[in-house]
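**Student:** Dumping the structure here so I can ask a few things about it.
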Amino acid sequence: MADHDSELIELGRRVVERARQKGADVAEAVVSEGSHLSTKVRLGEPELVEEAGSRALGLRVMLGQQVAVSYTSDLTDRGVERFVEDALELARLSQPDEHAGPPDPSLLSRREDHPELRLYDAAVGTVDAGTALAHAKAGEAAAREADARITNSEGATFTRAAGSKALVTSGGFAAASRGTYASLSVHPVADDADGKKRSGYYWTARRHLAELLPDADVGREAARRTLAKLGARKVETQECAVVFDPDVGRSILGLLAGCINGGAIWRRSSYLVDKLGERVASDLVTVTDDPLIAGGPGSRPFDGEGLASRRNVVVENGILKSYLLDTYAGRKLGMPSTASASRGASGGVGPSTTNFVLTPGAMSPEALLASTPRGLYVTEMMGFGFNAVTGDFSRGAAGFWIEGGEKTFPVSEVTISLNLHAMLEGIDAVADDLDLRTSVATPTFRVRAMTLAGR
Amino acid sequence: MSRYCAPFAAGGPAEVDAALARRLLALALARGGDYADLFYEYDVSGSYAYEEGILKAAGRSVSAGLGVRVQKGDATGYAYVEDLSIEAMEHAARTAAQIADGGGAPEPVGLVAIDPASRYVVERLSLDLPGEDKRALLARADAAARAADSRVSRVEASFAEQVREILIATSDGLFVRDLQPLLRIGVRVIVEVDGKRQAGSSGGGGRTGWDYFAGKTPEDHAREAVRQALVMLDAREAPAGEMDVVLAPGDSGILLHEAVGHGLEADFNRKKTSNYSDRVGERVASELCTVVDDATLANSRGSINVDDEGRVPEQALLIEQGILRGYMQDRQSSAFFHVAPTGNGRRESFKSHPMPRMTNTLLYAGPHDPEEIVKSVERGVYASKFGGGQVDISNGDFVFSLTEGYLIEGGKLTAPLKGVNLIGNGPDVMRKVTMLGRDMELSDGIWTCGKEGQSVPVGVGCPTVKISGMTVGGTQIG
């Protein structure tokens, strides 16, 4: 395995050297490799078995402060040669950017200092197509057997993936990181009145195979969620409390992630420009970005520029403490990098989140619901109605109507709207049910009042 | 002659001819598969980003590979490789073959090359033009946006170009190549005044060459982005609740794409998971509505000469005067429904299996004067620009988000409204189409459609549409 990492690093070194020989002042190569198996079962029969591996190169070069990137999956000598030439040709075309440049070499992390983050599980790679299909089959069967009202299925999918990424820079950084991932998702369908159908789903995903939920549990929960939607209806247009299930809470937190991203800040494309140190949420809200969580879906030992990963507190008790910055965004804003650089397979660099999490509160989700006299419990959102520059938010929603602290009937075809700033300031309860299935994650939380548009 | 040529093209370093393709297909079918195809793809893309008065970033990407698909009954085996050596391609064929577990290989039939007429004749690929031309193009957009208004504080102009060369060989005898160019310009501006900030954007393109800019200049897009940002700077909170909605022609086709398009993709109907399943011949929209998916439009972003299964798509009639006439088919679904494939089998890349997908989805013009349509509305919303949409296939609920809209009061457009989502149910909204304008327009080429993780470029088009009652997701009640 170490040998394998060395092979990727060696390929990266050759690319960096070639770019330097051709005149690049700075060259940074990323070598990515991945393999995956994806299987799908529908109504008990195999529908898809897909298996492949791939390897690709990304390169960022600088000529002085002129920057360009290049990507290729053609690893023949001829392909790599043209890939390097493309980057240099484009760098000559681009224009000097006074803030462009690699990180200060003294900030680069060393390979021997990188923490072991439990990102890789050798067992994941041992799952063959037959076993994967069996997991999917068992998950789907549990959903279909759970209730006679489950009449159809969009199928069940079991996927495993492994990936490695090596980063080599002319500044002296060279390291690789690898990880695995496995998931099972089940999508049952039930018939509803008026020829409508209701589809629902549930899923489990982990870096370690043994930590996945049992197949049957996923299937039964998928069935329960699907059936709960039967008979969903609109409600009257009104202002009411809104409770966000973790499945949708994370997309609200994802909007905040976009607005504290250093790239959005220097472009003045966020409503949180010039707001460091100010109140941006209720004091129940603390948000961290932590790449060092063992086994976390977004964990990584070093950032996309080679800086040592570190935990950043973004919002603390409602006060905006930090943006997430790479070297470039930091220079644009006159601040140090927060080691939040992400480098895509294509060589481009920008700030991003790692494990971006709303800190759990003390109350259980049941207690949170019980303390809500009336409102909407949201389990699904649809659409893209968000303006990062103003914070205006409006999206389609579905879920349950809450009356007297209980879910009473399912609701669909409504929208919920409020400016994100007001939403975050209006958070008046945060539960303790955080599940780090995804790299952006929240527990259940409640916003005091939003506009619901319906009938 | 382009400096980028597919390795699998005639004369290329990994040339694939009919004999080699037939050999690989035989290998793919060796375990008893019913059908197999090879999908070779070579994709060269370029991107240019002009910001703060300089060309700040430029990039190019080259990817190539082969996807092998084998079908046995309803099951699909799929494998892909980037390495186009004989050994690697054979390995992919053997991997995909394993979906079938018998023996007794049927011989693939002889391959016949077809050469479809082109719907996107381009004199010179933008990829082959000097980079300086693209930099100059974006500099023009930047200058025009800054000159348009003193409140413009930031300008981002971007240009993206792609050439996708594909070669498809199928065990039922197709051997077909296509070269699919695509380009897109985008301008985004921020305007600031008295601490208030707003963004505006405009973009366009298609399967076209540099001559696109003769019809619509970078300056046009820059001025449009500034106009939109300035209008929205003064936008007021939008109303909440059910009311009449009038859609502007062109981009509003997004509504159509979400409200009926996805639900009419044949895979969902084959599996009976769409709310349009088993409803061919039934009324699913007001009789004003005739909807087609048309891959043949010259140079449109969604047009294709062949789909990604090697079939030549024509116009697919979906809804005729409100009656559901048919679905968009790929090979697998058309075999199930015993109808001809409509050429809608598309895939994002060689790494993905094909599915029924839209190309250019259009709602034909109706009998009404667009001005009369607005005049007919006492209180409602006029929707001009859109940020995208989404649909739940199973029950037909869909949303689309408005980035520029106006309040209609007493038959007139009054105040601009802040961005909101509109939500409706597909069949329900299509029945409520009570007026349809004479002014059918095709959107400029900016839209990308996502399905099961695969993105493909699409076009949409429609005239002015009046929907009598739809839920507007604003914040102002009453």
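By order in the structure tokens, chains are A, B, ...; within a chain, residues start at 1; ligands start at 1, following the order shown.
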Output the contact residues of chain B with respect to chain A at a cut-off of 6 Å, based on only C-alpha atoms, as a PDB file with N, CA and C atoms, in the first residue's frame.
**Tutor:**
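Resulting contents of iface-v1.pdb:
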```pdb
ATOM      1  N   ILE B  54      -8.709  40.958 -15.593  1.00  0.00           N
ATOM      2  CA  ILE B  54      -7.669  40.124 -16.216  1.00  0.00           C
ATOM      3  C   ILE B  54      -8.215  38.714 -16.494  1.00  0.00           C
ATOM      4  N   LEU B  55      -7.558  38.043 -17.442  1.00  0.00           N
ATOM      5  CA  LEU B  55      -7.851  36.618 -17.617  1.00  0.00           C
ATOM      6  C   LEU B  55      -7.145  35.923 -16.461  1.00  0.00           C
ATOM      7  N   LYS B  56      -7.936  35.557 -15.452  1.00  0.00           N
ATOM      8  CA  LYS B  56      -7.358  35.082 -14.204  1.00  0.00           C
ATOM      9  C   LYS B  56      -7.060  33.594 -14.231  1.00  0.00           C
ATOM     10  N   ALA B  57      -7.858  32.844 -14.935  1.00  0.00           N
ATOM     11  CA  ALA B  57      -7.653  31.398 -14.940  1.00  0.00           C
ATOM     12  C   ALA B  57      -8.018  30.840 -16.297  1.00  0.00           C
ATOM     13  N   ALA B  58      -7.242  29.857 -16.722  1.00  0.00           N
ATOM     14  CA  ALA B  58      -7.551  29.152 -17.964  1.00  0.00           C
ATOM     15  C   ALA B  58      -7.251  27.691 -17.727  1.00  0.00           C
ATOM     16  N   GLY B  59      -8.045  26.847 -18.339  1.00  0.00           N
ATOM     17  CA  GLY B  59      -7.825  25.423 -18.119  1.00  0.00           C
ATOM     18  C   GLY B  59      -8.213  24.600 -19.320  1.00  0.00           C
ATOM     19  N   ARG B  60      -7.615  23.418 -19.421  1.00  0.00           N
ATOM     20  CA  ARG B  60      -8.006  22.504 -20.490  1.00  0.00           C
ATOM     21  C   ARG B  60      -8.025  21.091 -19.940  1.00  0.00           C
ATOM     22  N   SER B  61      -8.952  20.319 -20.448  1.00  0.00           N
ATOM     23  CA  SER B  61      -9.056  18.952 -19.971  1.00  0.00           C
ATOM     24  C   SER B  61      -9.259  18.018 -21.146  1.00  0.00           C
ATOM     25  N   VAL B  62      -8.555  16.910 -21.120  1.00  0.00           N
ATOM     26  CA  VAL B  62      -8.666  15.914 -22.183  1.00  0.00           C
ATOM     27  C   VAL B  62      -8.971  14.574 -21.528  1.00  0.00           C
ATOM     28  N   SER B  63     -10.076  13.981 -21.905  1.00  0.00           N
ATOM     29  CA  SER B  63     -10.325  12.643 -21.384  1.00  0.00           C
ATOM     30  C   SER B  63     -10.819  11.753 -22.503  1.00  0.00           C
ATOM     31  N   ALA B  75     -31.233  -6.832 -17.135  1.00  0.00           N
ATOM     32  CA  ALA B  75     -30.008  -6.535 -16.385  1.00  0.00           C
ATOM     33  C   ALA B  75     -28.921  -5.986 -17.303  1.00  0.00           C
ATOM     34  N   THR B  76     -28.163  -5.018 -16.787  1.00  0.00           N
ATOM     35  CA  THR B  76     -27.087  -4.379 -17.537  1.00  0.00           C
ATOM     36  C   THR B  76     -25.759  -4.590 -16.828  1.00  0.00           C
ATOM     37  N   GLY B  77     -24.772  -5.052 -17.581  1.00  0.00           N
ATOM     38  CA  GLY B  77     -23.408  -5.087 -17.080  1.00  0.00           C
ATOM     39  C   GLY B  77     -22.644  -3.946 -17.737  1.00  0.00           C
ATOM     40  N   TYR B  78     -21.840  -3.219 -16.956  1.00  0.00           N
ATOM     41  CA  TYR B  78     -21.154  -2.063 -17.525  1.00  0.00           C
ATOM     42  C   TYR B  78     -19.731  -1.989 -16.993  1.00  0.00           C
ATOM     43  N   ALA B  79     -18.802  -1.715 -17.878  1.00  0.00           N
ATOM     44  CA  ALA B  79     -17.414  -1.518 -17.450  1.00  0.00           C
ATOM     45  C   ALA B  79     -16.803  -0.460 -18.350  1.00  0.00           C
ATOM     46  N   TYR B  80     -15.848   0.291 -17.806  1.00  0.00           N
ATOM     47  CA  TYR B  80     -15.178   1.279 -18.665  1.00  0.00           C
ATOM     48  C   TYR B  80     -13.688   1.315 -18.395  1.00  0.00           C
ATOM     49  N   ALA B 240     -46.852  35.339  -1.016  1.00  0.00           N
ATOM     50  CA  ALA B 240     -46.917  33.912  -0.733  1.00  0.00           C
ATOM     51  C   ALA B 240     -48.335  33.416  -0.961  1.00  0.00           C
ATOM     52  N   GLY B 241     -48.458  32.267  -1.620  1.00  0.00           N
ATOM     53  CA  GLY B 241     -49.774  31.662  -1.786  1.00  0.00           C
ATOM     54  C   GLY B 241     -50.110  31.383  -3.233  1.00  0.00           C
ATOM     55  N   GLU B 242     -51.352  30.923  -3.459  1.00  0.00           N
ATOM     56  CA  GLU B 242     -51.754  30.512  -4.789  1.00  0.00           C
ATOM     57  C   GLU B 242     -52.256  31.706  -5.584  1.00  0.00           C
ATOM     58  N   ASN B 275     -45.882   9.285 -12.526  1.00  0.00           N
ATOM     59  CA  ASN B 275     -47.324   9.515 -12.456  1.00  0.00           C
ATOM     60  C   ASN B 275     -47.937   9.600 -13.859  1.00  0.00           C
ATOM     61  N   GLY B 389     -34.796  24.045 -11.863  1.00  0.00           N
ATOM     62  CA  GLY B 389     -35.960  23.377 -11.294  1.00  0.00           C
ATOM     63  C   GLY B 389     -35.668  21.946 -10.928  1.00  0.00           C
ATOM     64  N   GLN B 390     -36.685  21.303 -10.359  1.00  0.00           N
ATOM     65  CA  GLN B 390     -36.540  19.924  -9.908  1.00  0.00           C
ATOM     66  C   GLN B 390     -37.924  19.295  -9.851  1.00  0.00           C
ATOM     67  N   SER B 394     -42.450  10.555  -8.966  1.00  0.00           N
ATOM     68  CA  SER B 394     -43.495   9.641  -8.519  1.00  0.00           C
ATOM     69  C   SER B 394     -44.844  10.334  -8.374  1.00  0.00           C
ATOM     70  N   ASN B 395     -44.835  11.569  -7.836  1.00  0.00           N
ATOM     71  CA  ASN B 395     -46.132  12.219  -7.642  1.00  0.00           C
ATOM     72  C   ASN B 395     -46.304  13.446  -8.527  1.00  0.00           C
ATOM     73  N   VAL B 399     -40.737  22.045  -8.723  1.00  0.00           N
ATOM     74  CA  VAL B 399     -40.473  23.443  -8.381  1.00  0.00           C
ATOM     75  C   VAL B 399     -39.627  24.052  -9.480  1.00  0.00           C
ATOM     76  N   SER B 401     -37.180  27.843  -9.739  1.00  0.00           N
ATOM     77  CA  SER B 401     -36.878  29.053  -8.989  1.00  0.00           C
ATOM     78  C   SER B 401     -36.726  30.224  -9.936  1.00  0.00           C
ATOM     79  N   VAL B 420     -37.925  33.803  -5.884  1.00  0.00           N
ATOM     80  CA  VAL B 420     -38.761  32.866  -5.134  1.00  0.00           C
ATOM     81  C   VAL B 420     -38.857  31.541  -5.869  1.00  0.00           C
ATOM     82  N   ASN B 421     -39.300  30.527  -5.156  1.00  0.00           N
ATOM     83  CA  ASN B 421     -39.619  29.255  -5.766  1.00  0.00           C
ATOM     84  C   ASN B 421     -41.090  29.211  -6.093  1.00  0.00           C
ATOM     85  N   GLY B 473     -43.890  30.967  -3.762  1.00  0.00           N
ATOM     86  CA  GLY B 473     -43.276  30.823  -2.440  1.00  0.00           C
ATOM     87  C   GLY B 473     -42.591  32.064  -1.913  1.00  0.00           C
ATOM     88  N   THR B 475     -42.585  35.618   0.751  1.00  0.00           N
ATOM     89  CA  THR B 475     -42.646  35.759   2.210  1.00  0.00           C
ATOM     90  C   THR B 475     -43.838  36.587   2.665  1.00  0.00           C
TER      91      THR B 475
END
```
**Student:** DSSP on the backbone: what in region 148-275 of chain B comes out strand (DSSP E or B), as a ChimeraX atom specification?
**Tutor:** /B:152-170,174-193,196-206,236,239-247,265
**Student:** Tell me, in Å to one decimal, how far CA of Gly250 (chain B) is from CA of Thr434 (chain B).
**Tutor:** 18.1 Å
**Student:** Compile the contact shell of region 400-411 of chain A as a list in words: residues with an atom at most 7 Å away, counting only C-alpha atoms, same-chain residues fewer than 5 positions apart removed.
**Tutor:**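 Contacts, with the query itself left out: Ala228, Lys229, Gly231, Ala232, Arg233, Lys234, Val235, Leu369, Ala370, Ser371, Thr372, Pro373, Arg374, Gly375, Leu376, Tyr377 and Val378 of chain A.
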**Student:** Applying 9 Å and only C-alpha atoms, which residues near Val447 (chain A) remain after dropping the ones on its own chain fewer than 3 positions away? List them as a list in words.
**Tutor:**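 My list of contacting residues is Cys240, Ala241, Val242, Val243, Phe244, Met423, Leu424, Glu425, Gly426, Ile427, Asp428, Ala429 and Met450 of chain A.
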**Student:** Just write the chosen residues, N, CA, C and O atoms, as a PDB file, in the first residue's frame.
**Tutor:**
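Wrote it out as out.pdb, contents follow:
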```pdb
ATOM      1  N   CYS A 240     -45.248  30.022  10.314  1.00  0.00           N
ATOM      2  CA  CYS A 240     -45.225  28.993  11.360  1.00  0.00           C
ATOM      3  C   CYS A 240     -43.791  28.560  11.662  1.00  0.00           C
ATOM      4  O   CYS A 240     -42.863  28.872  10.923  1.00  0.00           O
ATOM      5  N   ALA A 241     -43.654  27.838  12.779  1.00  0.00           N
ATOM      6  CA  ALA A 241     -42.355  27.259  13.134  1.00  0.00           C
ATOM      7  C   ALA A 241     -42.011  26.164  12.117  1.00  0.00           C
ATOM      8  O   ALA A 241     -42.898  25.505  11.590  1.00  0.00           O
ATOM      9  N   VAL A 242     -40.720  25.990  11.849  1.00  0.00           N
ATOM     10  CA  VAL A 242     -40.281  24.945  10.925  1.00  0.00           C
ATOM     11  C   VAL A 242     -39.182  24.120  11.579  1.00  0.00           C
ATOM     12  O   VAL A 242     -38.181  24.676  12.049  1.00  0.00           O
ATOM     13  N   VAL A 243     -39.405  22.808  11.656  1.00  0.00           N
ATOM     14  CA  VAL A 243     -38.402  21.890  12.198  1.00  0.00           C
ATOM     15  C   VAL A 243     -37.721  21.200  11.018  1.00  0.00           C
ATOM     16  O   VAL A 243     -38.392  20.679  10.124  1.00  0.00           O
ATOM     17  N   PHE A 244     -36.386  21.234  11.008  1.00  0.00           N
ATOM     18  CA  PHE A 244     -35.634  20.597   9.924  1.00  0.00           C
ATOM     19  C   PHE A 244     -35.072  19.256  10.378  1.00  0.00           C
ATOM     20  O   PHE A 244     -34.279  19.183  11.316  1.00  0.00           O
ATOM     21  N   MET A 423     -33.210  33.240   9.219  1.00  0.00           N
ATOM     22  CA  MET A 423     -33.405  31.826   9.569  1.00  0.00           C
ATOM     23  C   MET A 423     -32.427  31.392  10.646  1.00  0.00           C
ATOM     24  O   MET A 423     -32.796  30.750  11.626  1.00  0.00           O
ATOM     25  N   LEU A 424     -31.150  31.715  10.434  1.00  0.00           N
ATOM     26  CA  LEU A 424     -30.131  31.279  11.392  1.00  0.00           C
ATOM     27  C   LEU A 424     -30.318  31.999  12.736  1.00  0.00           C
ATOM     28  O   LEU A 424     -30.115  31.412  13.793  1.00  0.00           O
ATOM     29  N   GLU A 425     -30.724  33.262  12.679  1.00  0.00           N
ATOM     30  CA  GLU A 425     -30.975  33.989  13.935  1.00  0.00           C
ATOM     31  C   GLU A 425     -32.217  33.449  14.619  1.00  0.00           C
ATOM     32  O   GLU A 425     -32.367  33.582  15.834  1.00  0.00           O
ATOM     33  N   GLY A 426     -33.116  32.846  13.829  1.00  0.00           N
ATOM     34  CA  GLY A 426     -34.370  32.337  14.382  1.00  0.00           C
ATOM     35  C   GLY A 426     -34.284  30.903  14.895  1.00  0.00           C
ATOM     36  O   GLY A 426     -35.304  30.336  15.303  1.00  0.00           O
ATOM     37  N   ILE A 427     -33.105  30.302  14.874  1.00  0.00           N
ATOM     38  CA  ILE A 427     -32.994  28.917  15.379  1.00  0.00           C
ATOM     39  C   ILE A 427     -33.169  28.940  16.899  1.00  0.00           C
ATOM     40  O   ILE A 427     -32.383  29.552  17.617  1.00  0.00           O
ATOM     41  N   ASP A 428     -34.241  28.293  17.382  1.00  0.00           N
ATOM     42  CA  ASP A 428     -34.515  28.353  18.824  1.00  0.00           C
ATOM     43  C   ASP A 428     -34.446  26.985  19.501  1.00  0.00           C
ATOM     44  O   ASP A 428     -34.777  26.870  20.680  1.00  0.00           O
ATOM     45  N   ALA A 429     -34.043  25.956  18.766  1.00  0.00           N
ATOM     46  CA  ALA A 429     -33.822  24.649  19.391  1.00  0.00           C
ATOM     47  C   ALA A 429     -32.916  23.822  18.494  1.00  0.00           C
ATOM     48  O   ALA A 429     -33.080  23.817  17.274  1.00  0.00           O
ATOM     49  N   MET A 450     -41.187  30.857   9.808  1.00  0.00           N
ATOM     50  CA  MET A 450     -40.898  31.101   8.399  1.00  0.00           C
ATOM     51  C   MET A 450     -42.226  31.248   7.668  1.00  0.00           C
ATOM     52  O   MET A 450     -43.269  30.860   8.194  1.00  0.00           O
TER      53      MET A 450
END
```
**Student:** Please indicate the distance in Å from CA of Tyr201 (chain A) to CA of Pro297 (chain A), rounded to one decimal place.
**Tutor:**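 About the pair CA of Tyr201 (chain A) and CA of Pro297 (chain A): they are 20.4 Å apart.
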**Student:** Return as a ChimeraX atom specification the full set of residues in region 258-360 of chain B whose backbone-based DSSP assignment is helix (DSSP H, G or I).
**Tutor:** /B:258-264,266-270,331-337
**Student:** Keeping all heavy atoms, export the residues of the selection given above as a short mmCIF file (atom, residue, chain, number, x, y, z; two decimals), in the first residue's frame.
**Tutor:**
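part.cif written:
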```cif
data_model
loop_
_atom_site.label_atom_id
_atom_site.label_comp_id
_atom_site.auth_asym_id
_atom_site.auth_seq_id
_atom_site.Cartn_x
_atom_site.Cartn_y
_atom_site.Cartn_z
N GLU B 258 -39.56 20.24 -16.24
CA GLU B 258 -39.80 19.62 -14.94
C GLU B 258 -41.22 19.07 -14.83
O GLU B 258 -41.42 17.97 -14.33
CB GLU B 258 -39.57 20.63 -13.80
CG GLU B 258 -38.19 21.29 -13.80
CD GLU B 258 -37.03 20.32 -13.62
OE1 GLU B 258 -37.27 19.14 -13.29
OE2 GLU B 258 -35.88 20.73 -13.84
N ALA B 259 -42.22 19.85 -15.29
CA ALA B 259 -43.61 19.47 -15.05
C ALA B 259 -44.01 18.23 -15.84
O ALA B 259 -44.75 17.40 -15.33
CB ALA B 259 -44.54 20.63 -15.39
N VAL B 260 -43.54 18.11 -17.08
CA VAL B 260 -43.90 16.93 -17.87
C VAL B 260 -42.70 16.17 -18.43
O VAL B 260 -42.78 14.97 -18.62
CB VAL B 260 -44.85 17.27 -19.05
CG1 VAL B 260 -46.19 17.71 -18.54
CG2 VAL B 260 -44.26 18.29 -19.97
N GLY B 261 -41.61 16.87 -18.71
CA GLY B 261 -40.50 16.23 -19.42
C GLY B 261 -39.99 14.97 -18.74
O GLY B 261 -40.05 13.87 -19.30
N HIS B 262 -39.52 15.12 -17.50
CA HIS B 262 -38.93 13.96 -16.82
C HIS B 262 -39.93 12.83 -16.67
O HIS B 262 -39.59 11.66 -16.82
CB HIS B 262 -38.38 14.37 -15.45
CG HIS B 262 -37.04 15.02 -15.55
ND1 HIS B 262 -35.93 14.33 -15.96
CD2 HIS B 262 -36.63 16.28 -15.29
CE1 HIS B 262 -34.88 15.14 -15.95
NE2 HIS B 262 -35.27 16.34 -15.56
N GLY B 263 -41.16 13.17 -16.36
CA GLY B 263 -42.19 12.13 -16.17
C GLY B 263 -42.47 11.34 -17.43
O GLY B 263 -43.06 10.27 -17.38
N LEU B 264 -42.07 11.87 -18.60
CA LEU B 264 -42.31 11.19 -19.88
C LEU B 264 -41.07 10.46 -20.39
O LEU B 264 -41.05 9.96 -21.51
CB LEU B 264 -42.83 12.18 -20.92
CG LEU B 264 -44.17 12.83 -20.55
CD1 LEU B 264 -44.62 13.77 -21.65
CD2 LEU B 264 -45.23 11.78 -20.28
N ALA B 266 -39.04 7.28 -20.73
CA ALA B 266 -39.68 5.95 -20.76
C ALA B 266 -39.25 5.02 -19.65
O ALA B 266 -40.01 4.14 -19.26
CB ALA B 266 -39.42 5.29 -22.12
N ASP B 267 -38.04 5.20 -19.11
CA ASP B 267 -37.61 4.26 -18.06
C ASP B 267 -38.54 4.31 -16.85
O ASP B 267 -38.91 3.27 -16.29
CB ASP B 267 -36.15 4.49 -17.65
CG ASP B 267 -35.80 5.94 -17.38
OD1 ASP B 267 -36.61 6.82 -17.70
OD2 ASP B 267 -34.70 6.19 -16.84
N PHE B 268 -38.96 5.51 -16.46
CA PHE B 268 -39.86 5.62 -15.31
C PHE B 268 -41.21 4.97 -15.60
O PHE B 268 -41.86 4.45 -14.70
CB PHE B 268 -40.10 7.09 -14.94
CG PHE B 268 -38.85 7.83 -14.55
CD1 PHE B 268 -38.44 8.95 -15.26
CD2 PHE B 268 -38.08 7.42 -13.47
CE1 PHE B 268 -37.30 9.64 -14.91
CE2 PHE B 268 -36.93 8.11 -13.12
CZ PHE B 268 -36.54 9.22 -13.84
N ASN B 269 -41.62 5.04 -16.86
CA ASN B 269 -42.93 4.50 -17.23
C ASN B 269 -42.87 2.99 -17.41
O ASN B 269 -43.83 2.28 -17.10
CB ASN B 269 -43.44 5.21 -18.47
CG ASN B 269 -43.74 6.67 -18.16
OD1 ASN B 269 -44.70 6.96 -17.48
ND2 ASN B 269 -42.86 7.56 -18.57
N ARG B 270 -41.73 2.49 -17.90
CA ARG B 270 -41.52 1.05 -17.99
C ARG B 270 -41.58 0.46 -16.57
O ARG B 270 -42.16 -0.59 -16.35
CB ARG B 270 -40.14 0.81 -18.62
CG ARG B 270 -39.69 -0.63 -18.66
CD ARG B 270 -38.46 -0.80 -19.55
NE ARG B 270 -37.28 -0.07 -19.09
CZ ARG B 270 -36.42 -0.52 -18.16
NH1 ARG B 270 -36.62 -1.67 -17.58
NH2 ARG B 270 -35.36 0.19 -17.83
N ARG B 331 -33.05 2.41 -26.08
CA ARG B 331 -33.18 1.08 -26.68
C ARG B 331 -33.94 0.12 -25.78
O ARG B 331 -34.86 -0.58 -26.22
CB ARG B 331 -31.76 0.55 -26.94
CG ARG B 331 -31.77 -0.80 -27.58
CD ARG B 331 -30.42 -1.47 -27.55
NE ARG B 331 -30.62 -2.87 -27.90
CZ ARG B 331 -30.96 -3.80 -27.04
NH1 ARG B 331 -31.12 -3.49 -25.77
NH2 ARG B 331 -31.14 -5.05 -27.43
N GLN B 332 -33.55 0.09 -24.51
CA GLN B 332 -34.13 -0.88 -23.59
C GLN B 332 -35.64 -0.66 -23.42
O GLN B 332 -36.43 -1.60 -23.47
CB GLN B 332 -33.42 -0.77 -22.24
CG GLN B 332 -33.78 -1.88 -21.28
CD GLN B 332 -33.01 -1.75 -19.96
OE1 GLN B 332 -32.37 -0.73 -19.70
NE2 GLN B 332 -33.05 -2.78 -19.14
N SER B 333 -36.03 0.60 -23.24
CA SER B 333 -37.45 0.89 -23.04
C SER B 333 -38.26 0.67 -24.30
O SER B 333 -39.39 0.19 -24.25
CB SER B 333 -37.62 2.33 -22.56
OG SER B 333 -37.04 2.49 -21.29
N SER B 334 -37.68 1.01 -25.47
CA SER B 334 -38.45 0.84 -26.70
C SER B 334 -38.70 -0.64 -26.97
O SER B 334 -39.74 -1.01 -27.49
CB SER B 334 -37.74 1.50 -27.88
OG SER B 334 -36.51 0.87 -28.14
N ALA B 335 -37.76 -1.49 -26.59
CA ALA B 335 -37.97 -2.94 -26.74
C ALA B 335 -39.12 -3.37 -25.83
O ALA B 335 -39.98 -4.16 -26.22
CB ALA B 335 -36.69 -3.70 -26.40
N PHE B 336 -39.17 -2.81 -24.62
CA PHE B 336 -40.23 -3.16 -23.68
C PHE B 336 -41.59 -2.73 -24.21
O PHE B 336 -42.57 -3.47 -24.13
CB PHE B 336 -39.94 -2.49 -22.33
CG PHE B 336 -41.03 -2.67 -21.31
CD1 PHE B 336 -41.05 -3.78 -20.47
CD2 PHE B 336 -42.05 -1.73 -21.18
CE1 PHE B 336 -42.05 -3.95 -19.53
CE2 PHE B 336 -43.06 -1.89 -20.25
CZ PHE B 336 -43.06 -3.00 -19.42
N PHE B 337 -41.66 -1.50 -24.74
CA PHE B 337 -42.94 -0.96 -25.21
C PHE B 337 -43.28 -1.38 -26.65
O PHE B 337 -44.31 -1.00 -27.18
CB PHE B 337 -42.94 0.57 -25.13
CG PHE B 337 -43.10 1.11 -23.72
CD1 PHE B 337 -42.04 1.73 -23.07
CD2 PHE B 337 -44.32 1.02 -23.06
CE1 PHE B 337 -42.20 2.23 -21.79
CE2 PHE B 337 -44.48 1.52 -21.78
CZ PHE B 337 -43.42 2.13 -21.13
#
```
**Student:** Would you list the contacts of region 110-124 of chain B as a PyMOL selection string, taking every protein, DNA or RNA residue within 10 Å and counting only C-alpha atoms, but skipping same-chain residues closer than 6 positions in sequence?
**Tutor:** chain B and resi 1-2+17-19+21-22+168-182+206-211+295-301+303-306+310-312
**Student:** So, with only C-alpha atoms as the atoms that count, which of B:Ala229, B:Ala92, B:Ala365, B:Ala141 lies closest to Pro463 (chain B)?
**Tutor:**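 Ranking B:Ala229, B:Ala92, B:Ala365, B:Ala141 by distance to Pro463 (chain B), first place goes to B:Ala365.
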**Student:** Ranking A:Ser106, A:Ser251, A:Thr126, A:Ser299 by minimum distance to Ser177 (chain A) and counting only C-alpha atoms, which one comes first?
**Tutor:**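 Smallest separation from Ser177 (chain A) among the options: A:Ser299.
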**Student:** Quote the spacing between CA of Leu253 (chain A) and CA of Asp432 (chain A) in Å to one decimal place.
**Tutor:** 16.0 Å
**Student:** Please provide the set of residues having any atom within 8 Å of Val280 (chain B), restricted to only C-alpha atoms, with same-chain residues fewer than 2 positions apart removed, written as a PyMOL selection string.
**Tutor:** chain B and resi 276-278+282+323-326
**Student:** I'd like the contact shell of region 10-25 of chain A - 9 Å cut-off, only C-alpha atoms, skipping same-chain residues fewer than 3 positions apart - returned as a count of residues only.
**Tutor:** 27
